[in-house]
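Accompanying notes for the structure given below.
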Amino acid sequence: MTLRRGDGTGSLEKAIDVLEEIGNQPGGISQSDLAARLDLPRTTVYRLLATLVARGLARHDPSRRIYHLGVRYVELARRAYAMPDLVAAAMHELRELRDLTGETSYIGTLEGTAMVSLERCDGAHSYRSNASLGHRKPIHATSQGKAYLAALGQEARDALVSELNLNQLTPQTLTNRRRLYAEIRTIRARGWAVDDEENVPGVRCVGAAVIDLQGNVRGAISVAGPAYRLPISRIELLGPELVEAAHHIGARLQGLDEGGEVKEAIAVPSDGALFGAFPQWCESRQSLWWVDTLAPAVRRLAGGMDQPFTRIDHPIIGFCVRDEVGYAVCSDEAFRITPDGIAHPLEGWRAMPAAAMCVHPNGEFWAVLAGQQDRSVIGTFDDQGGFRRRWHIDEPVQDIVWSPCGQRLYAVAPDSGSVLMLQAGTDRVRRLTSVPRGSGTLSGIAIDPQGGVWSALRGGWSVIRLGEDGTFDRSVPLPVPYPTGVAIGGASLNKLYVTTARQPVAPEMLKAAPLSGRLFEIAL
């Protein structure tokens, strides 16, 4: 069969034109305006928009009758640019720049001849810069783009500049290549670039390129706001701050061409789980216990074999291991699972809907219970479900783990993307770090022998490691979108085990991620 252009390529080009035009309108655009701008019949635009919305590439706001870029579009852009690596490495600096200036901070990277916004930290003012994620901005009219150009080698820069259409977006836009090169020379000398109302009238921004330790230009950061709040005198003070922040980000990034060993996640041979969770390492038995919460079973990895160990009749909401014995909590009952795989009901158990469980190095059971108004209560419990409160947290907490020394309890608060550290014997709760929503939702937590903090990113296709001070250390990509839990194990505690889920993954995504639900192993 011969494929006509109108049946294939032509329709694809029109759909791409629609996406690009939506992306060029941060405030959204109506169907009629799209049709007028693209000179397309309204019926054609309607059909294209219906398909794009159904696939998540566009989003319809029915109250205002306008369209925005969809979450799926942003997810694809981020995945293409190793977003968990670049954005997670940048978030500490983006927040600091936001707090320092009160204005919105951004990180973006190059796509063709445009910079694409990957993440932002919104400023405190009600009137502020708010370019949407996934928004494409022309290189020649933005501080990020000009900083990126200036950081490239001459050959790569000349090739890119030769492709640019120097369209005039405002009266201030540079439309002359000679003037653009003159500004690039200035940027190379001082390290930072300015968008002086060149992209959007009334908006000024300052940016700097992010370069990794191998010299690769990976993206650029910027701070943007109304020109009256960012006069040139203030921009000149902020420029060096942007350069220093970009340097810190680049120092955290793994090089694109570095020759060192690349950590890889290996799927453990098994039939997998609907919703894997709660991985726990049993040192004495050199085995990993974990749970399928929805097809309720406790599984065990031992001697390279992973298989169901014990079946439970009800969904499992909490699990931990102590002294070679597993403890599984359901909504209104709990079980003690002995090494022979037999589940014994805990007599006299008082229902305790634990959001998370763990064991202190001294053998105490610890749990998180949901409190009032989305608060959480952390404390100890006994074999009958008796609970003693120790800490109150003003947000939902879903995962906890004690440090090997037993002096610090680490907790994950997924709604805010925070990793919390609680000091034993005190009421102190320290927010170690926060991970942006765009990176994924934190899930599970584990501490390695060096004190590094590991967590999975649901929806982020990766696991991340934080240093003891909360700074981003590195990420390891996964071939599945929904990792759920992490545990340190192995003979020398040199392996990271990651549970994943299949049940929440959309059918079309399962085709691209058929290993969803499997247990993964990463050599540390």
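Please note that chains go A, B, ... in the order of the structure tokens, that every chain numbers its residues from 1, and that ligands are numbered from 1 in the order shown.
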
Compile the contact shell of Gly371 of chain A as a PDB file with N, CA and C atoms, in the first residue's frame: residues with an atom at most 9 Å away, counting only C-alpha atoms, same-chain residues fewer than 4 positions apart removed.
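See selection04.pdb below for the written result:
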ATOM      1  N   ARG A 375      -1.015  14.967  58.903  1.00  0.00           N
ATOM      2  CA  ARG A 375       0.201  14.860  59.695  1.00  0.00           C
ATOM      3  C   ARG A 375       0.565  13.397  59.889  1.00  0.00           C
ATOM      4  N   SER A 376       1.795  13.146  60.314  1.00  0.00           N
ATOM      5  CA  SER A 376       2.263  11.788  60.560  1.00  0.00           C
ATOM      6  C   SER A 376       2.830  11.694  61.962  1.00  0.00           C
ATOM      7  N   VAL A 377       2.706  10.497  62.540  1.00  0.00           N
ATOM      8  CA  VAL A 377       3.254  10.219  63.860  1.00  0.00           C
ATOM      9  C   VAL A 377       4.237   9.065  63.721  1.00  0.00           C
ATOM     10  N   HIS A 392       6.240  13.979  65.776  1.00  0.00           N
ATOM     11  CA  HIS A 392       5.107  14.418  64.964  1.00  0.00           C
ATOM     12  C   HIS A 392       5.677  15.154  63.752  1.00  0.00           C
ATOM     13  N   ILE A 393       5.207  14.800  62.563  1.00  0.00           N
ATOM     14  CA  ILE A 393       5.649  15.441  61.326  1.00  0.00           C
ATOM     15  C   ILE A 393       4.441  16.093  60.675  1.00  0.00           C
ATOM     16  N   PRO A 396       2.523  14.005  55.327  1.00  0.00           N
ATOM     17  CA  PRO A 396       2.528  12.544  55.236  1.00  0.00           C
ATOM     18  C   PRO A 396       3.939  11.995  55.033  1.00  0.00           C
TER      19      PRO A 396
END

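Among the candidates A:Pro269, A:Gly304, A:Gly215, A:Gly406, the one nearest to Leu422 of chain A when counting only C-alpha atoms is A:Gly406.
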
- Task: Please identify all polymer residues within 8 Å of Asp196 of chain A, counting only C-alpha atoms, omitting same-chain residues fewer than 3 positions from it, and present them as a list in words.
- Result: Gln172, Val203, Arg204, Cys205 and Ala227 of chain A

Residues from last step as file, N, CA, C and O atoms, as an mmCIF file, in the first residue's frame:
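Output saved as result04.cif:
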data_model
loop_
_atom_site.group_PDB
_atom_site.id
_atom_site.type_symbol
_atom_site.label_atom_id
_atom_site.label_comp_id
_atom_site.auth_asym_id
_atom_site.auth_seq_id
_atom_site.Cartn_x
_atom_site.Cartn_y
_atom_site.Cartn_z
ATOM 1 N N GLN A 172 14.126 44.881 21.390
ATOM 2 C CA GLN A 172 15.465 44.697 21.928
ATOM 3 C C GLN A 172 16.180 43.467 21.370
ATOM 4 O O GLN A 172 17.362 43.258 21.655
ATOM 5 N N VAL A 203 10.422 41.726 30.616
ATOM 6 C CA VAL A 203 11.042 40.649 31.393
ATOM 7 C C VAL A 203 12.542 40.637 31.131
ATOM 8 O O VAL A 203 12.986 40.674 29.977
ATOM 9 N N ARG A 204 13.308 40.601 32.203
ATOM 10 C CA ARG A 204 14.775 40.572 32.100
ATOM 11 C C ARG A 204 15.279 39.329 32.835
ATOM 12 O O ARG A 204 14.714 38.935 33.854
ATOM 13 N N CYS A 205 16.323 38.707 32.329
ATOM 14 C CA CYS A 205 16.885 37.537 33.017
ATOM 15 C C CYS A 205 18.392 37.464 32.826
ATOM 16 O O CYS A 205 18.962 38.078 31.915
ATOM 17 N N ALA A 227 11.388 43.480 34.544
ATOM 18 C CA ALA A 227 12.564 44.341 34.379
ATOM 19 C C ALA A 227 12.675 45.373 35.488
ATOM 20 O O ALA A 227 13.790 45.739 35.900
#

- Give the strand (DSSP E) residues of segment 287-411 of chain A, as DSSP finds them on the backbone, and put them as a PyMOL selection string. chain A and resi 287-292+297-302+305-311+318-322+325-329+334-337+343-345+354-359+365-370+376-381+387-393+399-402+408-411

- Query: Leaving out Asp415 of chain A and any residue of its chain fewer than 4 positions from it, which residues lie within 9 Å of it when counting only C-alpha atoms, given as a PyMOL selection string?
  - Reply: chain A and resi 395-397+437+441-442

- Neighbours of segment 189-192 of chain A within 6 Å (only C-alpha atoms; same-chain residues fewer than 6 positions away dropped), as a VMD selection string? chain A and resid 207 to 208 239
